[in-house]
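Read the structure below first, then the notes.
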Amino acid sequence: MDDFFAARLQMAFSLGFHIVFSCIGMVMPFFMCTAHYIWLKKKKTVYLDVTKAWSKGVAIFFATGAVSGTVLSFELGLLWPKFMEHAGPIFGMPFSLEGTAFFIEAIALGFYLYGWNRFNPWFHWFTGVVVGVSGLLSGILVVAANAWMNSPSGFDFVNGQYLNIDPVKAMFNAAWFSQALHMCVAAFVSTGFAVAGVHALMILRRKNVFFHSKAFKIAAVFATVAACLQPISGDISAKDVAERQPAKLAAMEAHFHTEKGAGLLIGGIPDTATQTVKYGLKIPKALSFMATGNFNGEVKGLDQIPKKDQPPVMVTHFAFQIMVGLGMAMLGIALLYFLALWKKKKWLETKWLLKLFVIATPMGFIALEAGWTVTEVGRQPWIIYGVMRTADAVTPMPGIAYSFYLFTAVYISLAVIVSLLLFRQITMVDKLYDSSTNDKNNSL
């Protein structure tokens, strides 16, 4: 395996695993605190049981997220020393602040996990809120650093030197808000549908229906609200990308030719040799509106991008289509769920609606991975957009191929262990929780 390719593949693989662990770690505390809040207000034991069950999941993903994130920090220094040499002083601030947020999260989680019957009930609940807020802030800060790579600012690049460095301006770059918003909403969508899907499956299997029904509703509300907000954040991101990274937008849409009133492509197989797209469906003028806010606006195509600066069209386009397609599917489920809550309450007791949530269990994470593929692959061949090429930033260490195999095995093992731990927690709940008693004592 080529060392350069292995270095990039190892980083991609590590990020692919970490993003799942971190998103669950960011969002699950909010589910936990919601159930805890309802318990404090209503004093129904089922919500206390849900809270404690979810708190164990929060602890598991906090640990795995911390480990996988630490590995990434080492990989940045080992595999990308030239990049870190120049970029570190510029975008180091969000990483430093993320470390602070992480420590606050760790302390608050310790208080929460061991604070039962030791603190004032509302203070105890508040420590859980701190876990969620600090975890979400950690995610935003890391995304701000990534956004800087897509929209570098806070320095002057003169004769190969990085001068007049302003870390604050670098952190609050032009892309940080749109990327952070899109990422945070995606975290709620993916985690919400995954958690709701697991509880929906338990309901379908008639295991502790009362317990899983309460947990399902909390997760489903978070997931469906976020799914409805995601197209809005996607529109903000699309307009931002169109302005700053026209090559990425062109690759996302396999948009080969600059034109006004450009159509939005659905599906299709790009052919870069002939600069055409086969089997795609175009919505007239929709891409121009999405990119510029004007149905007749001009959208730059790949024909205006030098060949050496064009992203890989095939990968970027397919990843974008997967992300959007799954996003629309989850939006459809969300609208059906809201319709059920509002007008068709009988639907809430039907198997078909629960089965939709079960089917959607992996959708959010697949869309999440596809979205990050668009973000990272669509920026190529740049690691710092318009400033430093990826090929100039990597310095593969000797034997990187073996390192890749080792880390791949470690991450796969970690994923298996986490899955087994979560399965064990679910089965323990089913064994310990007496649903018939709770149905009797906690009926609404």
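Residue names in the structure tokens use chain letters A, B, ... in the order shown, residue numbers from 1 in each chain, and ligand numbers from 1 in the order shown.
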
Leaving out A:Phe216 and any residue of its chain fewer than 6 positions from it, which residues lie within 12 Å of it when counting only C-alpha atoms, given as a tab-separated table (two decimals) with C-alpha atoms, in the first residue's frame?
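Dumped everything to result_20.tsv:
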```
chain	number	residue	atom	x	y	z
A	31	PHE	CA	-32.16	12.81	25.99
A	35	ALA	CA	-36.22	12.08	30.88
A	47	TYR	CA	-38.78	8.14	33.58
A	50	VAL	CA	-35.13	5.63	31.39
A	54	TRP	CA	-29.50	6.29	29.20
A	192	GLY	CA	-32.34	10.48	17.67
A	193	PHE	CA	-33.35	8.08	14.92
A	194	ALA	CA	-30.85	5.46	16.12
A	195	VAL	CA	-32.14	5.56	19.72
A	196	ALA	CA	-35.78	5.74	18.65
A	197	GLY	CA	-35.23	2.81	16.28
A	198	VAL	CA	-33.80	0.59	19.01
A	199	HIS	CA	-36.72	1.31	21.35
A	200	ALA	CA	-39.20	0.85	18.49
A	201	LEU	CA	-37.72	-2.59	17.86
A	202	MET	CA	-38.17	-3.50	21.53
A	203	ILE	CA	-41.81	-2.36	21.38
A	204	LEU	CA	-42.41	-4.49	18.29
A	208	ASN	CA	-41.21	-3.92	28.41
A	209	VAL	CA	-43.50	-1.90	26.16
A	210	PHE	CA	-44.29	0.76	28.76
A	222	PHE	CA	-35.76	15.07	19.17
A	223	ALA	CA	-35.10	13.17	15.93
A	224	THR	CA	-38.13	14.40	14.03
A	348	LEU	CA	-49.01	5.80	17.05
A	354	LEU	CA	-42.65	1.73	14.41
A	357	PHE	CA	-38.30	4.06	12.73
A	358	VAL	CA	-36.57	0.67	12.91
```

Among stretch 154-252 of chain A, which residues does DSSP mark as alpha helix (DSSP H) when it is run on the backbone? Keep the chain and numbering as in the structure and answer as a PDB file with N, CA and C atoms, in the first residue's frame.
```
ATOM      1  N   PRO A 167      -5.808  34.366  15.946  1.00  0.00           N
ATOM      2  CA  PRO A 167      -6.522  33.109  16.245  1.00  0.00           C
ATOM      3  C   PRO A 167      -8.031  33.271  16.394  1.00  0.00           C
ATOM      4  N   VAL A 168      -8.476  34.412  16.908  1.00  0.00           N
ATOM      5  CA  VAL A 168      -9.915  34.632  17.091  1.00  0.00           C
ATOM      6  C   VAL A 168     -10.608  34.717  15.728  1.00  0.00           C
ATOM      7  N   LYS A 169     -10.011  35.469  14.825  1.00  0.00           N
ATOM      8  CA  LYS A 169     -10.580  35.580  13.475  1.00  0.00           C
ATOM      9  C   LYS A 169     -10.542  34.236  12.770  1.00  0.00           C
ATOM     10  N   ALA A 170      -9.490  33.465  13.026  1.00  0.00           N
ATOM     11  CA  ALA A 170      -9.391  32.135  12.420  1.00  0.00           C
ATOM     12  C   ALA A 170     -10.497  31.223  12.927  1.00  0.00           C
ATOM     13  N   MET A 171     -10.775  31.284  14.233  1.00  0.00           N
ATOM     14  CA  MET A 171     -11.811  30.421  14.808  1.00  0.00           C
ATOM     15  C   MET A 171     -13.197  30.799  14.291  1.00  0.00           C
ATOM     16  N   TRP A 176     -17.639  28.746   9.834  1.00  0.00           N
ATOM     17  CA  TRP A 176     -17.844  28.039  11.098  1.00  0.00           C
ATOM     18  C   TRP A 176     -19.315  27.914  11.462  1.00  0.00           C
ATOM     19  N   PHE A 177     -20.109  28.970  11.234  1.00  0.00           N
ATOM     20  CA  PHE A 177     -21.511  28.926  11.661  1.00  0.00           C
ATOM     21  C   PHE A 177     -22.300  27.909  10.856  1.00  0.00           C
ATOM     22  N   SER A 178     -22.188  27.962   9.535  1.00  0.00           N
ATOM     23  CA  SER A 178     -22.977  27.047   8.697  1.00  0.00           C
ATOM     24  C   SER A 178     -22.574  25.599   8.942  1.00  0.00           C
ATOM     25  N   GLN A 179     -21.250  25.338   9.085  1.00  0.00           N
ATOM     26  CA  GLN A 179     -20.813  23.966   9.327  1.00  0.00           C
ATOM     27  C   GLN A 179     -21.225  23.476  10.714  1.00  0.00           C
ATOM     28  N   ALA A 180     -21.073  24.343  11.727  1.00  0.00           N
ATOM     29  CA  ALA A 180     -21.426  23.940  13.089  1.00  0.00           C
ATOM     30  C   ALA A 180     -22.926  23.682  13.209  1.00  0.00           C
ATOM     31  N   LEU A 181     -23.731  24.546  12.595  1.00  0.00           N
ATOM     32  CA  LEU A 181     -25.180  24.365  12.629  1.00  0.00           C
ATOM     33  C   LEU A 181     -25.571  23.057  11.961  1.00  0.00           C
ATOM     34  N   HIS A 182     -25.039  22.821  10.768  1.00  0.00           N
ATOM     35  CA  HIS A 182     -25.391  21.612  10.014  1.00  0.00           C
ATOM     36  C   HIS A 182     -24.949  20.360  10.768  1.00  0.00           C
ATOM     37  N   MET A 183     -23.770  20.429  11.383  1.00  0.00           N
ATOM     38  CA  MET A 183     -23.242  19.276  12.100  1.00  0.00           C
ATOM     39  C   MET A 183     -24.042  18.987  13.361  1.00  0.00           C
ATOM     40  N   CYS A 184     -24.384  20.018  14.119  1.00  0.00           N
ATOM     41  CA  CYS A 184     -25.139  19.816  15.364  1.00  0.00           C
ATOM     42  C   CYS A 184     -26.527  19.245  15.094  1.00  0.00           C
ATOM     43  N   VAL A 185     -27.203  19.784  14.080  1.00  0.00           N
ATOM     44  CA  VAL A 185     -28.525  19.262  13.736  1.00  0.00           C
ATOM     45  C   VAL A 185     -28.406  17.815  13.260  1.00  0.00           C
ATOM     46  N   ALA A 186     -27.361  17.534  12.473  1.00  0.00           N
ATOM     47  CA  ALA A 186     -27.142  16.164  11.993  1.00  0.00           C
ATOM     48  C   ALA A 186     -26.900  15.205  13.158  1.00  0.00           C
ATOM     49  N   ALA A 187     -26.211  15.666  14.193  1.00  0.00           N
ATOM     50  CA  ALA A 187     -25.962  14.823  15.363  1.00  0.00           C
ATOM     51  C   ALA A 187     -27.272  14.451  16.048  1.00  0.00           C
ATOM     52  N   PHE A 188     -28.182  15.414  16.171  1.00  0.00           N
ATOM     53  CA  PHE A 188     -29.482  15.129  16.789  1.00  0.00           C
ATOM     54  C   PHE A 188     -30.319  14.207  15.908  1.00  0.00           C
ATOM     55  N   VAL A 189     -30.264  14.416  14.598  1.00  0.00           N
ATOM     56  CA  VAL A 189     -31.026  13.556  13.684  1.00  0.00           C
ATOM     57  C   VAL A 189     -30.526  12.115  13.759  1.00  0.00           C
ATOM     58  N   SER A 190     -29.222  11.939  13.601  1.00  0.00           N
ATOM     59  CA  SER A 190     -28.656  10.584  13.548  1.00  0.00           C
ATOM     60  C   SER A 190     -28.824   9.847  14.871  1.00  0.00           C
ATOM     61  N   THR A 191     -28.494  10.510  15.969  1.00  0.00           N
ATOM     62  CA  THR A 191     -28.621   9.856  17.274  1.00  0.00           C
ATOM     63  C   THR A 191     -30.076   9.631  17.635  1.00  0.00           C
ATOM     64  N   GLY A 192     -30.917  10.608  17.344  1.00  0.00           N
ATOM     65  CA  GLY A 192     -32.336  10.483  17.669  1.00  0.00           C
ATOM     66  C   GLY A 192     -32.997   9.321  16.960  1.00  0.00           C
ATOM     67  N   PHE A 193     -32.749   9.189  15.662  1.00  0.00           N
ATOM     68  CA  PHE A 193     -33.355   8.079  14.920  1.00  0.00           C
ATOM     69  C   PHE A 193     -32.766   6.735  15.343  1.00  0.00           C
ATOM     70  N   ALA A 194     -31.465   6.710  15.678  1.00  0.00           N
ATOM     71  CA  ALA A 194     -30.854   5.460  16.124  1.00  0.00           C
ATOM     72  C   ALA A 194     -31.460   4.997  17.444  1.00  0.00           C
ATOM     73  N   VAL A 195     -31.580   5.912  18.399  1.00  0.00           N
ATOM     74  CA  VAL A 195     -32.139   5.563  19.716  1.00  0.00           C
ATOM     75  C   VAL A 195     -33.618   5.210  19.585  1.00  0.00           C
ATOM     76  N   ALA A 196     -34.363   6.018  18.841  1.00  0.00           N
ATOM     77  CA  ALA A 196     -35.785   5.738  18.650  1.00  0.00           C
ATOM     78  C   ALA A 196     -35.984   4.393  17.953  1.00  0.00           C
ATOM     79  N   GLY A 197     -35.116   4.078  16.991  1.00  0.00           N
ATOM     80  CA  GLY A 197     -35.234   2.813  16.277  1.00  0.00           C
ATOM     81  C   GLY A 197     -35.020   1.602  17.162  1.00  0.00           C
ATOM     82  N   VAL A 198     -34.051   1.702  18.083  1.00  0.00           N
ATOM     83  CA  VAL A 198     -33.797   0.594  19.013  1.00  0.00           C
ATOM     84  C   VAL A 198     -35.000   0.370  19.924  1.00  0.00           C
ATOM     85  N   HIS A 199     -35.550   1.447  20.462  1.00  0.00           N
ATOM     86  CA  HIS A 199     -36.718   1.309  21.348  1.00  0.00           C
ATOM     87  C   HIS A 199     -37.957   0.859  20.572  1.00  0.00           C
ATOM     88  N   ALA A 200     -38.081   1.309  19.324  1.00  0.00           N
ATOM     89  CA  ALA A 200     -39.201   0.847  18.490  1.00  0.00           C
ATOM     90  C   ALA A 200     -39.116  -0.649  18.254  1.00  0.00           C
ATOM     91  N   LEU A 201     -37.904  -1.155  18.056  1.00  0.00           N
ATOM     92  CA  LEU A 201     -37.720  -2.587  17.863  1.00  0.00           C
ATOM     93  C   LEU A 201     -38.134  -3.368  19.112  1.00  0.00           C
ATOM     94  N   MET A 202     -37.788  -2.841  20.278  1.00  0.00           N
ATOM     95  CA  MET A 202     -38.173  -3.500  21.529  1.00  0.00           C
ATOM     96  C   MET A 202     -39.697  -3.509  21.705  1.00  0.00           C
ATOM     97  N   ILE A 203     -40.341  -2.419  21.285  1.00  0.00           N
ATOM     98  CA  ILE A 203     -41.805  -2.357  21.377  1.00  0.00           C
ATOM     99  C   ILE A 203     -42.425  -3.401  20.454  1.00  0.00           C
ATOM    100  N   LEU A 204     -41.897  -3.506  19.237  1.00  0.00           N
ATOM    101  CA  LEU A 204     -42.412  -4.489  18.289  1.00  0.00           C
ATOM    102  C   LEU A 204     -42.238  -5.918  18.803  1.00  0.00           C
ATOM    103  N   VAL A 209     -42.914  -2.883  27.072  1.00  0.00           N
ATOM    104  CA  VAL A 209     -43.499  -1.896  26.160  1.00  0.00           C
ATOM    105  C   VAL A 209     -43.656  -0.534  26.822  1.00  0.00           C
ATOM    106  N   PHE A 210     -44.067  -0.523  28.085  1.00  0.00           N
ATOM    107  CA  PHE A 210     -44.287   0.762  28.764  1.00  0.00           C
ATOM    108  C   PHE A 210     -42.989   1.557  28.853  1.00  0.00           C
ATOM    109  N   PHE A 211     -41.942   0.903  29.285  1.00  0.00           N
ATOM    110  CA  PHE A 211     -40.628   1.546  29.399  1.00  0.00           C
ATOM    111  C   PHE A 211     -40.140   2.039  28.042  1.00  0.00           C
ATOM    112  N   HIS A 212     -40.144   1.162  27.051  1.00  0.00           N
ATOM    113  CA  HIS A 212     -39.598   1.524  25.743  1.00  0.00           C
ATOM    114  C   HIS A 212     -40.466   2.552  25.021  1.00  0.00           C
ATOM    115  N   SER A 213     -41.751   2.577  25.305  1.00  0.00           N
ATOM    116  CA  SER A 213     -42.636   3.568  24.682  1.00  0.00           C
ATOM    117  C   SER A 213     -42.282   4.979  25.139  1.00  0.00           C
ATOM    118  N   LYS A 214     -41.996   5.132  26.439  1.00  0.00           N
ATOM    119  CA  LYS A 214     -41.623   6.449  26.960  1.00  0.00           C
ATOM    120  C   LYS A 214     -40.275   6.888  26.393  1.00  0.00           C
ATOM    121  N   ALA A 215     -39.326   5.958  26.366  1.00  0.00           N
ATOM    122  CA  ALA A 215     -38.011   6.279  25.812  1.00  0.00           C
ATOM    123  C   ALA A 215     -38.108   6.595  24.315  1.00  0.00           C
ATOM    124  N   PHE A 216     -38.921   5.824  23.599  1.00  0.00           N
ATOM    125  CA  PHE A 216     -39.094   6.036  22.165  1.00  0.00           C
ATOM    126  C   PHE A 216     -39.638   7.430  21.884  1.00  0.00           C
ATOM    127  N   LYS A 217     -40.616   7.865  22.650  1.00  0.00           N
ATOM    128  CA  LYS A 217     -41.241   9.156  22.373  1.00  0.00           C
ATOM    129  C   LYS A 217     -40.260  10.302  22.544  1.00  0.00           C
ATOM    130  N   ILE A 218     -39.431  10.260  23.586  1.00  0.00           N
ATOM    131  CA  ILE A 218     -38.455  11.330  23.805  1.00  0.00           C
ATOM    132  C   ILE A 218     -37.466  11.380  22.643  1.00  0.00           C
ATOM    133  N   ALA A 219     -36.912  10.227  22.285  1.00  0.00           N
ATOM    134  CA  ALA A 219     -35.935  10.179  21.196  1.00  0.00           C
ATOM    135  C   ALA A 219     -36.568  10.563  19.861  1.00  0.00           C
ATOM    136  N   ALA A 220     -37.790  10.100  19.624  1.00  0.00           N
ATOM    137  CA  ALA A 220     -38.466  10.376  18.357  1.00  0.00           C
ATOM    138  C   ALA A 220     -38.756  11.859  18.186  1.00  0.00           C
ATOM    139  N   VAL A 221     -39.139  12.534  19.256  1.00  0.00           N
ATOM    140  CA  VAL A 221     -39.416  13.977  19.166  1.00  0.00           C
ATOM    141  C   VAL A 221     -38.138  14.738  18.816  1.00  0.00           C
ATOM    142  N   PHE A 222     -37.036  14.422  19.503  1.00  0.00           N
ATOM    143  CA  PHE A 222     -35.762  15.067  19.172  1.00  0.00           C
ATOM    144  C   PHE A 222     -35.394  14.807  17.712  1.00  0.00           C
ATOM    145  N   ALA A 223     -35.510  13.553  17.288  1.00  0.00           N
ATOM    146  CA  ALA A 223     -35.098  13.171  15.934  1.00  0.00           C
ATOM    147  C   ALA A 223     -35.939  13.868  14.877  1.00  0.00           C
ATOM    148  N   THR A 224     -37.246  13.866  15.057  1.00  0.00           N
ATOM    149  CA  THR A 224     -38.133  14.402  14.027  1.00  0.00           C
ATOM    150  C   THR A 224     -38.069  15.926  13.952  1.00  0.00           C
ATOM    151  N   VAL A 225     -37.938  16.595  15.087  1.00  0.00           N
ATOM    152  CA  VAL A 225     -37.772  18.060  15.059  1.00  0.00           C
ATOM    153  C   VAL A 225     -36.478  18.415  14.336  1.00  0.00           C
ATOM    154  N   ALA A 226     -35.400  17.710  14.671  1.00  0.00           N
ATOM    155  CA  ALA A 226     -34.119  17.969  14.010  1.00  0.00           C
ATOM    156  C   ALA A 226     -34.181  17.659  12.517  1.00  0.00           C
ATOM    157  N   ALA A 227     -34.899  16.604  12.138  1.00  0.00           N
ATOM    158  CA  ALA A 227     -35.016  16.245  10.723  1.00  0.00           C
ATOM    159  C   ALA A 227     -35.723  17.340   9.932  1.00  0.00           C
ATOM    160  N   CYS A 228     -36.660  18.026  10.574  1.00  0.00           N
ATOM    161  CA  CYS A 228     -37.361  19.123   9.909  1.00  0.00           C
ATOM    162  C   CYS A 228     -36.487  20.378   9.803  1.00  0.00           C
ATOM    163  N   LEU A 229     -35.546  20.536  10.746  1.00  0.00           N
ATOM    164  CA  LEU A 229     -34.651  21.691  10.715  1.00  0.00           C
ATOM    165  C   LEU A 229     -33.470  21.488   9.775  1.00  0.00           C
ATOM    166  N   GLN A 230     -33.139  20.228   9.495  1.00  0.00           N
ATOM    167  CA  GLN A 230     -31.940  19.942   8.708  1.00  0.00           C
ATOM    168  C   GLN A 230     -31.976  20.540   7.305  1.00  0.00           C
ATOM    169  N   PRO A 231     -33.104  20.508   6.570  1.00  0.00           N
ATOM    170  CA  PRO A 231     -33.102  21.153   5.247  1.00  0.00           C
ATOM    171  C   PRO A 231     -32.790  22.644   5.311  1.00  0.00           C
ATOM    172  N   ILE A 232     -33.188  23.296   6.409  1.00  0.00           N
ATOM    173  CA  ILE A 232     -32.893  24.726   6.556  1.00  0.00           C
ATOM    174  C   ILE A 232     -31.392  24.928   6.709  1.00  0.00           C
ATOM    175  N   SER A 233     -30.772  24.126   7.593  1.00  0.00           N
ATOM    176  CA  SER A 233     -29.321  24.238   7.769  1.00  0.00           C
ATOM    177  C   SER A 233     -28.591  23.822   6.493  1.00  0.00           C
ATOM    178  N   GLY A 234     -29.163  22.857   5.756  1.00  0.00           N
ATOM    179  CA  GLY A 234     -28.566  22.445   4.492  1.00  0.00           C
ATOM    180  C   GLY A 234     -28.586  23.556   3.461  1.00  0.00           C
ATOM    181  N   ASP A 235     -29.665  24.318   3.436  1.00  0.00           N
ATOM    182  CA  ASP A 235     -29.764  25.439   2.501  1.00  0.00           C
ATOM    183  C   ASP A 235     -28.731  26.516   2.835  1.00  0.00           C
ATOM    184  N   ILE A 236     -28.563  26.781   4.133  1.00  0.00           N
ATOM    185  CA  ILE A 236     -27.546  27.753   4.563  1.00  0.00           C
ATOM    186  C   ILE A 236     -26.161  27.283   4.144  1.00  0.00           C
ATOM    187  N   SER A 237     -25.889  25.992   4.346  1.00  0.00           N
ATOM    188  CA  SER A 237     -24.586  25.428   3.974  1.00  0.00           C
ATOM    189  C   SER A 237     -24.364  25.479   2.472  1.00  0.00           C
ATOM    190  N   ALA A 238     -25.406  25.170   1.695  1.00  0.00           N
ATOM    191  CA  ALA A 238     -25.277  25.164   0.237  1.00  0.00           C
ATOM    192  C   ALA A 238     -24.917  26.550  -0.293  1.00  0.00           C
ATOM    193  N   LYS A 239     -25.578  27.570   0.218  1.00  0.00           N
ATOM    194  CA  LYS A 239     -25.284  28.939  -0.224  1.00  0.00           C
ATOM    195  C   LYS A 239     -23.869  29.346   0.179  1.00  0.00           C
ATOM    196  N   ASP A 240     -23.443  28.898   1.358  1.00  0.00           N
ATOM    197  CA  ASP A 240     -22.095  29.215   1.819  1.00  0.00           C
ATOM    198  C   ASP A 240     -21.049  28.535   0.936  1.00  0.00           C
ATOM    199  N   VAL A 241     -21.261  27.250   0.631  1.00  0.00           N
ATOM    200  CA  VAL A 241     -20.324  26.512  -0.223  1.00  0.00           C
ATOM    201  C   VAL A 241     -20.289  27.116  -1.624  1.00  0.00           C
ATOM    202  N   ALA A 242     -21.440  27.500  -2.143  1.00  0.00           N
ATOM    203  CA  ALA A 242     -21.491  28.085  -3.489  1.00  0.00           C
ATOM    204  C   ALA A 242     -20.662  29.363  -3.564  1.00  0.00           C
ATOM    205  N   GLU A 243     -20.638  30.115  -2.484  1.00  0.00           N
ATOM    206  CA  GLU A 243     -19.894  31.376  -2.469  1.00  0.00           C
ATOM    207  C   GLU A 243     -18.400  31.158  -2.284  1.00  0.00           C
ATOM    208  N   ARG A 244     -18.030  30.250  -1.369  1.00  0.00           N
ATOM    209  CA  ARG A 244     -16.629  30.087  -1.002  1.00  0.00           C
ATOM    210  C   ARG A 244     -15.904  28.977  -1.769  1.00  0.00           C
ATOM    211  N   PRO A 246     -16.844  27.027  -4.942  1.00  0.00           N
ATOM    212  CA  PRO A 246     -17.655  26.651  -6.109  1.00  0.00           C
ATOM    213  C   PRO A 246     -17.248  25.303  -6.705  1.00  0.00           C
ATOM    214  N   ALA A 247     -15.980  24.935  -6.573  1.00  0.00           N
ATOM    215  CA  ALA A 247     -15.537  23.638  -7.102  1.00  0.00           C
ATOM    216  C   ALA A 247     -16.204  22.493  -6.349  1.00  0.00           C
ATOM    217  N   LYS A 248     -16.349  22.650  -5.032  1.00  0.00           N
ATOM    218  CA  LYS A 248     -17.007  21.609  -4.236  1.00  0.00           C
ATOM    219  C   LYS A 248     -18.470  21.480  -4.632  1.00  0.00           C
ATOM    220  N   LEU A 249     -19.166  22.603  -4.786  1.00  0.00           N
ATOM    221  CA  LEU A 249     -20.574  22.544  -5.192  1.00  0.00           C
ATOM    222  C   LEU A 249     -20.717  21.898  -6.567  1.00  0.00           C
ATOM    223  N   ALA A 250     -19.827  22.254  -7.474  1.00  0.00           N
ATOM    224  CA  ALA A 250     -19.882  21.675  -8.822  1.00  0.00           C
ATOM    225  C   ALA A 250     -19.679  20.163  -8.772  1.00  0.00           C
ATOM    226  N   ALA A 251     -18.768  19.703  -7.903  1.00  0.00           N
ATOM    227  CA  ALA A 251     -18.541  18.260  -7.762  1.00  0.00           C
ATOM    228  C   ALA A 251     -19.729  17.586  -7.094  1.00  0.00           C
ATOM    229  N   MET A 252     -20.318  18.226  -6.095  1.00  0.00           N
ATOM    230  CA  MET A 252     -21.485  17.670  -5.420  1.00  0.00           C
ATOM    231  C   MET A 252     -22.617  17.411  -6.401  1.00  0.00           C
TER     232      MET A 252
END
```

Residue set, stretch 46-288 of chain A restricted to strand (DSSP E or B), as a VMD selection string: chain A and resid 156 to 158 161 to 163 259 to 260 264 to 271 276 to 283

Minimum-distance residue to A:Ile322, chosen among A:Trp39, A:Phe365, A:Phe62, A:Phe295 (using only C-alpha atoms):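 Between A:Trp39, A:Phe365, A:Phe62, A:Phe295, the residue approaching A:Ile322 most closely is A:Phe365.
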
Pick from A:Ala6, A:Ile266, A:Leu141, A:Ile19 nearest to A:Gly92, counting only C-alpha atoms: A:Leu141

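Residues within 9 Å of stretch 376-390 of chain A, counting only C-alpha atoms and excluding same-chain residues fewer than 5 positions away, are Phe83, Ala87, Trp148, Met149, Asn150, Ser151, Pro152, Phe157, Gln245, Ala247, Lys248, Leu249, Ala251, Met252, Lys308, Asp309, Gln310, Pro311, Pro312, Val313, Val315, Thr316, His317 and Gly371 of chain A.
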
Residues from the last selection, C-alpha atoms, saved as a CSV table (one decimal), in the first residue's frame:
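Final output, saved to result_21.csv:
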```csv
chain,number,residue,atom,x,y,z
A,83,PHE,CA,0.3,20.9,8.1
A,87,ALA,CA,-1.7,25.5,10.9
A,148,TRP,CA,-11.1,27.0,9.0
A,149,MET,CA,-9.6,24.4,6.6
A,150,ASN,CA,-12.5,25.1,4.3
A,151,SER,CA,-12.4,28.9,4.8
A,152,PRO,CA,-8.9,29.9,6.0
A,157,PHE,CA,0.1,34.3,3.5
A,245,GLN,CA,-16.0,26.7,-2.7
A,247,ALA,CA,-15.5,23.6,-7.1
A,248,LYS,CA,-17.0,21.6,-4.2
A,249,LEU,CA,-20.6,22.5,-5.2
A,251,ALA,CA,-18.5,18.3,-7.8
A,252,MET,CA,-21.5,17.7,-5.4
A,308,LYS,CA,-5.5,20.1,-11.1
A,309,ASP,CA,-7.8,21.9,-8.6
A,310,GLN,CA,-11.0,19.8,-9.2
A,311,PRO,CA,-12.3,17.5,-6.5
A,312,PRO,CA,-13.0,13.8,-7.2
A,313,VAL,CA,-16.4,14.2,-8.8
A,315,VAL,CA,-17.1,10.2,-4.8
A,316,THR,CA,-18.3,13.7,-3.9
A,317,HIS,CA,-21.4,13.4,-6.0
A,371,GLY,CA,-21.9,14.4,4.7
```
